[in-house]
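The structure appears below as structure tokens.
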There are 2 protein chains.
Amino acid sequence: MVFTTDAVIKSGAGFVHKLSHDSECLGTRMKLNVYVPLRKSCPVLFYLGGLTCTGDNGIEKGGFLHKASELGLAMVFPDTSPRTTEGNTIKGEHDSYDLGSGAGFYINATAEPWSSHYQMETYIVEELPRLLSEQFPQFNWDSKGITGHSMGGHGALTLFLKYPNKFKSVSAFAPICNPTQCPWGQKAFTNYLGSVSAGEAHDATCILKRLGKDAPAATILIDVGTGDNFYKQGQLLPEHFKDAAAGTPVTVDLRFQEDYDHSYYFIQDFSENHLEFHGKKLYQ
Amino acid sequence: MVFTTDAVIKSGAGFVHKLSHDSECLGTRMKLNVYVPLRKSCPVLFYLGGLTCTGDNGIEKGGFLHKASELGLAMVFPDTSPRTTEGNTIKGEHDSYDLGSGAGFYINATAEPWSSHYQMETYIVEELPRLLSEQFPQFNWDSKGITGHSMGGHGALTLFLKYPNKFKSVSAFAPICNPTQCPWGQKAFTNYLGSVSAGEAHDATCILKRLGKDAPAATILIDVGTGDNFYKQGQLLPEHFKDAAAGTPVTVDLRFQEDYDHSYYFIQDFSENHLEFHGKKLYQ
């Protein structure tokens, strides 16, 4: 087997697989959770977690599994960054919550000391699907979707726009939509890529503006809580992304959810709705 | 206000209140979570967590809130033990996972060093309802239920049987049903009460046998996973409890759920069903 199976746990009409493996592109030992419905063939939805999270938060607190079981949708919950493993220290990874450990931003770092391990874009788009297809031959990679929360919402939007042939559906919960214009993104891009301007290639709003009429025809579902402090502080900027879609084949269905904050209580209340959205596209 | 409100978070048609307070009977600072639906009057269901848990696990991972919102049911998620606070050390509390911190067993300890703080029975049955009724006058204390997981299931069963006038409904997920006969219970009773035999007064199976025909007329819903290692190891012994109900006014609806383990993935799949069970009784 490609992965070490640390546990297999019943949930609905399927099982949670707790997996670990040595990642080639990251050079670290990685953990992840995969929900595997008991179906002969199933579409696959990636869920990318936010800052400080691991692959556990979304699957344990997101309320996704009942609906995933009902729809027969496999779900992959990867970790959000490489992690130090024995004898393999990543310098400075624990110094701040929004850089290093738990904060990979789903990009390939080019600047030291991060570039030797922080290759999360390659990990999510190439290595994981390849390894998972070996372990779970029933996964239908022609029907793959992506969603995420906050930093993971940034990952979902950017990876969808950069790899339209790899993903058939995309949605996001409170995503960072214009990271070159917010403190989280500016800090990440300066450190991982050497400059904020280098981050424009990994900024959903910048990518969509650059693609213009060449953007993939898609409806993108985004929920944001009106009580979300990170929204109020200008870390998310979903309006920038919606504005950038004007004149492109992309429709941004941006829904503001009254009173909700940035937590998993917010995700829990809309996760089933997002799965229905993905299910319709992935079963087409 | 009786409690310090650390956060109020939107969830469904209601809010999660993250509270803290100085407990009089425990002599420590305590945290808890309360789900408050937007209703003028609501029944209240206590959820008691298991070993190693705090008041966060059940509310974050149990999948209770959608149904609680729909039914208009308030839910209280207390901590599972007193905790050391600054200048208030509880000797030996961190030495094992199944004794001390995270392992209060919902009893009043009589033996040193535990008796000065470990008064969880009084806390759950008297102090918390009194304080919550001051903070939330809309809570209907004439319609109160109790449920719990593992050690918290033991708490739910024993407190229901010992205080039938205080609770109208009871259920449990993978409860410890006969703690004088299992390692977890024997260790707890020896330490907290000085002997296993002293624990018979706090053992659901022993209490039910002793009450016999004087037991409260009630149906008690219990779910246990057939893949639960603690069940297999004889820590739960639900059959003992069901047997003890013979000839009493108690009906034990003991359901074995195929393949499920002891985790919150198990609880998540049956939590809505338990809330419907409580809702029917609490709205009568």
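FYI, nothing fancy with the structure tokens labels: chains A, B, ... in order, residues from 1 per chain, ligands from 1 as they appear.
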* Pick out each residue of segment 118-232 of chain A that DSSP on the backbone tags as helix (DSSP H, G or I); I need them as a ChimeraX atom specification. => /A:120-135,151-162,179-181,183-193,197-202,204-214,229-232
Take the residues just selected and output them with C-alpha atoms as a PDB file, in the first residue's frame.
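Now in selection35.pdb:
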```
ATOM      1  CA  MET A 120       2.118  22.344  -1.027  1.00  0.00           C
ATOM      2  CA  GLU A 121       0.842  23.194  -4.525  1.00  0.00           C
ATOM      3  CA  THR A 122       2.624  20.216  -6.049  1.00  0.00           C
ATOM      4  CA  TYR A 123       1.547  18.078  -3.102  1.00  0.00           C
ATOM      5  CA  ILE A 124      -2.174  18.851  -3.474  1.00  0.00           C
ATOM      6  CA  VAL A 125      -2.378  18.955  -7.267  1.00  0.00           C
ATOM      7  CA  GLU A 126       0.015  16.159  -8.221  1.00  0.00           C
ATOM      8  CA  GLU A 127       1.438  13.934  -5.523  1.00  0.00           C
ATOM      9  CA  LEU A 128      -1.674  13.293  -3.434  1.00  0.00           C
ATOM     10  CA  PRO A 129      -4.023  12.479  -6.338  1.00  0.00           C
ATOM     11  CA  ARG A 130      -1.391  10.128  -7.784  1.00  0.00           C
ATOM     12  CA  LEU A 131      -0.876   8.282  -4.487  1.00  0.00           C
ATOM     13  CA  LEU A 132      -4.582   8.181  -3.643  1.00  0.00           C
ATOM     14  CA  SER A 133      -5.454   6.761  -7.055  1.00  0.00           C
ATOM     15  CA  GLU A 134      -3.121   3.848  -6.316  1.00  0.00           C
ATOM     16  CA  GLN A 135      -4.625   3.218  -2.881  1.00  0.00           C
ATOM     17  CA  MET A 151      -6.327  30.045   3.801  1.00  0.00           C
ATOM     18  CA  GLY A 152      -7.770  26.801   2.393  1.00  0.00           C
ATOM     19  CA  GLY A 153     -10.391  28.825   0.544  1.00  0.00           C
ATOM     20  CA  HIS A 154      -7.522  30.766  -1.048  1.00  0.00           C
ATOM     21  CA  GLY A 155      -6.048  27.395  -2.002  1.00  0.00           C
ATOM     22  CA  ALA A 156      -9.319  26.164  -3.490  1.00  0.00           C
ATOM     23  CA  LEU A 157      -9.863  29.300  -5.596  1.00  0.00           C
ATOM     24  CA  THR A 158      -6.299  29.593  -6.875  1.00  0.00           C
ATOM     25  CA  LEU A 159      -5.762  25.907  -7.631  1.00  0.00           C
ATOM     26  CA  PHE A 160      -9.108  25.762  -9.465  1.00  0.00           C
ATOM     27  CA  LEU A 161      -8.206  28.780 -11.603  1.00  0.00           C
ATOM     28  CA  LYS A 162      -4.651  27.576 -12.261  1.00  0.00           C
ATOM     29  CA  PRO A 179      -3.888  37.853  -0.573  1.00  0.00           C
ATOM     30  CA  THR A 180      -1.511  40.399  -2.135  1.00  0.00           C
ATOM     31  CA  GLN A 181      -3.784  43.064  -0.588  1.00  0.00           C
ATOM     32  CA  PRO A 183      -1.577  41.181   5.849  1.00  0.00           C
ATOM     33  CA  TRP A 184      -1.797  37.357   5.883  1.00  0.00           C
ATOM     34  CA  GLY A 185      -1.004  37.090   2.183  1.00  0.00           C
ATOM     35  CA  GLN A 186       1.672  39.792   2.181  1.00  0.00           C
ATOM     36  CA  LYS A 187       3.518  38.054   5.017  1.00  0.00           C
ATOM     37  CA  ALA A 188       3.254  34.645   3.348  1.00  0.00           C
ATOM     38  CA  PHE A 189       4.337  35.794  -0.123  1.00  0.00           C
ATOM     39  CA  THR A 190       7.237  37.895   1.209  1.00  0.00           C
ATOM     40  CA  ASN A 191       8.592  34.915   3.091  1.00  0.00           C
ATOM     41  CA  TYR A 192       7.757  32.028   0.779  1.00  0.00           C
ATOM     42  CA  LEU A 193       8.328  33.787  -2.567  1.00  0.00           C
ATOM     43  CA  SER A 197       4.459  40.939  -6.269  1.00  0.00           C
ATOM     44  CA  ALA A 198       5.649  37.366  -6.810  1.00  0.00           C
ATOM     45  CA  GLY A 199       2.412  36.376  -5.071  1.00  0.00           C
ATOM     46  CA  GLU A 200       0.247  37.825  -7.832  1.00  0.00           C
ATOM     47  CA  ALA A 201       0.552  34.496  -9.644  1.00  0.00           C
ATOM     48  CA  HIS A 202      -1.071  32.872  -6.571  1.00  0.00           C
ATOM     49  CA  ALA A 204      -7.284  34.441  -6.908  1.00  0.00           C
ATOM     50  CA  THR A 205      -8.310  38.011  -7.735  1.00  0.00           C
ATOM     51  CA  CYS A 206      -5.112  38.724  -9.719  1.00  0.00           C
ATOM     52  CA  ILE A 207      -5.339  35.400 -11.570  1.00  0.00           C
ATOM     53  CA  LEU A 208      -8.973  35.990 -12.520  1.00  0.00           C
ATOM     54  CA  LYS A 209      -8.209  39.530 -13.737  1.00  0.00           C
ATOM     55  CA  ARG A 210      -5.285  38.264 -15.791  1.00  0.00           C
ATOM     56  CA  LEU A 211      -7.322  35.400 -17.313  1.00  0.00           C
ATOM     57  CA  GLY A 212     -10.255  37.676 -18.184  1.00  0.00           C
ATOM     58  CA  LYS A 213     -12.266  36.081 -20.989  1.00  0.00           C
ATOM     59  CA  ASP A 214      -9.950  33.032 -20.909  1.00  0.00           C
ATOM     60  CA  ASN A 229     -13.678  39.455  12.358  1.00  0.00           C
ATOM     61  CA  PHE A 230     -11.158  38.519   9.665  1.00  0.00           C
ATOM     62  CA  TYR A 231     -13.621  39.712   7.028  1.00  0.00           C
ATOM     63  CA  LYS A 232     -14.053  42.974   8.926  1.00  0.00           C
TER      64      LYS A 232
END
```
* Residue neighbourhood His149 of chain A, 8 Å, only C-alpha atoms, exclusion window fewer than 4 positions, as a list in words ->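 Answer for this query is Tyr47, Leu48, Gly49, Gly50, Gly153, His154, Ala172, Phe173, Ala174 and Pro175 of chain A.
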Enumerate as a CSV table (one decimal) with N, CA, C and O atoms, in the first residue's frame the residues belonging to chain B that approach chain A to within 7 Å, with only C-alpha atoms taken into account.
```csv
chain,number,residue,atom,x,y,z
B,9,ILE,N,-21.4,32.7,19.6
B,9,ILE,CA,-21.1,32.3,18.3
B,9,ILE,C,-22.4,31.8,17.6
B,9,ILE,O,-23.0,30.8,18.1
B,10,LYS,N,-22.7,32.3,16.5
B,10,LYS,CA,-23.9,31.9,15.7
B,10,LYS,C,-23.8,30.4,15.3
B,10,LYS,O,-22.8,30.0,14.8
B,11,SER,N,-24.9,29.7,15.5
B,11,SER,CA,-25.0,28.3,15.0
B,11,SER,C,-26.5,28.0,14.9
B,11,SER,O,-27.3,28.0,15.8
B,12,GLY,N,-26.9,27.8,13.6
B,12,GLY,CA,-28.4,27.5,13.4
B,12,GLY,C,-29.2,28.7,13.9
B,12,GLY,O,-28.8,29.8,13.8
B,60,GLU,N,-18.4,20.5,19.6
B,60,GLU,CA,-17.7,20.7,18.3
B,60,GLU,C,-17.7,19.5,17.4
B,60,GLU,O,-17.8,19.6,16.2
B,61,LYS,N,-17.8,18.3,18.0
B,61,LYS,CA,-17.6,17.1,17.1
B,61,LYS,C,-18.9,16.2,17.2
B,61,LYS,O,-18.9,15.2,16.4
B,63,GLY,N,-22.1,16.8,16.4
B,63,GLY,CA,-23.1,16.9,15.4
B,63,GLY,C,-24.5,17.1,16.0
B,63,GLY,O,-25.5,16.7,15.4
B,259,ASP,N,-20.1,-2.2,13.4
B,259,ASP,CA,-18.7,-1.6,13.0
B,259,ASP,C,-18.3,-0.3,13.6
B,259,ASP,O,-17.2,0.1,13.5
B,260,TYR,N,-19.2,0.3,14.3
B,260,TYR,CA,-18.9,1.6,14.9
B,260,TYR,C,-17.9,1.5,16.1
B,260,TYR,O,-17.9,0.5,16.8
B,261,ASP,N,-17.0,2.5,16.2
B,261,ASP,CA,-16.0,2.4,17.3
B,261,ASP,C,-16.5,3.4,18.4
B,261,ASP,O,-17.7,3.7,18.6
B,265,TYR,N,-17.0,10.0,15.7
B,265,TYR,CA,-17.6,9.7,14.4
B,265,TYR,C,-18.8,8.8,14.6
B,265,TYR,O,-19.8,8.9,13.9
B,266,PHE,N,-18.8,8.0,15.7
B,266,PHE,CA,-19.9,7.2,16.1
B,266,PHE,C,-21.0,8.1,16.6
B,266,PHE,O,-22.2,8.0,16.2
B,269,ASP,N,-23.1,10.1,14.1
B,269,ASP,CA,-24.1,9.4,13.3
B,269,ASP,C,-25.4,9.1,14.0
B,269,ASP,O,-26.4,8.8,13.4
```
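Going from atom CA of Lys166 of chain B over to atom CA of Asn33 of chain B, you cover 20.6 Å.
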* Asked: Counting only C-alpha atoms, which of B:Lys168, B:His94, B:Arg39, B:Lys18 gets nearest to Ala74 of chain B?
  ->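 Ranking B:Lys168, B:His94, B:Arg39, B:Lys18 by distance to Ala74 of chain B, first place goes to B:Arg39.
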* Structure fact -> Using only C-alpha atoms, the best pick from B:Ala109, B:Ile176, B:Asn165, B:Phe64 as closest to Leu237 of chain B would be B:Ile176
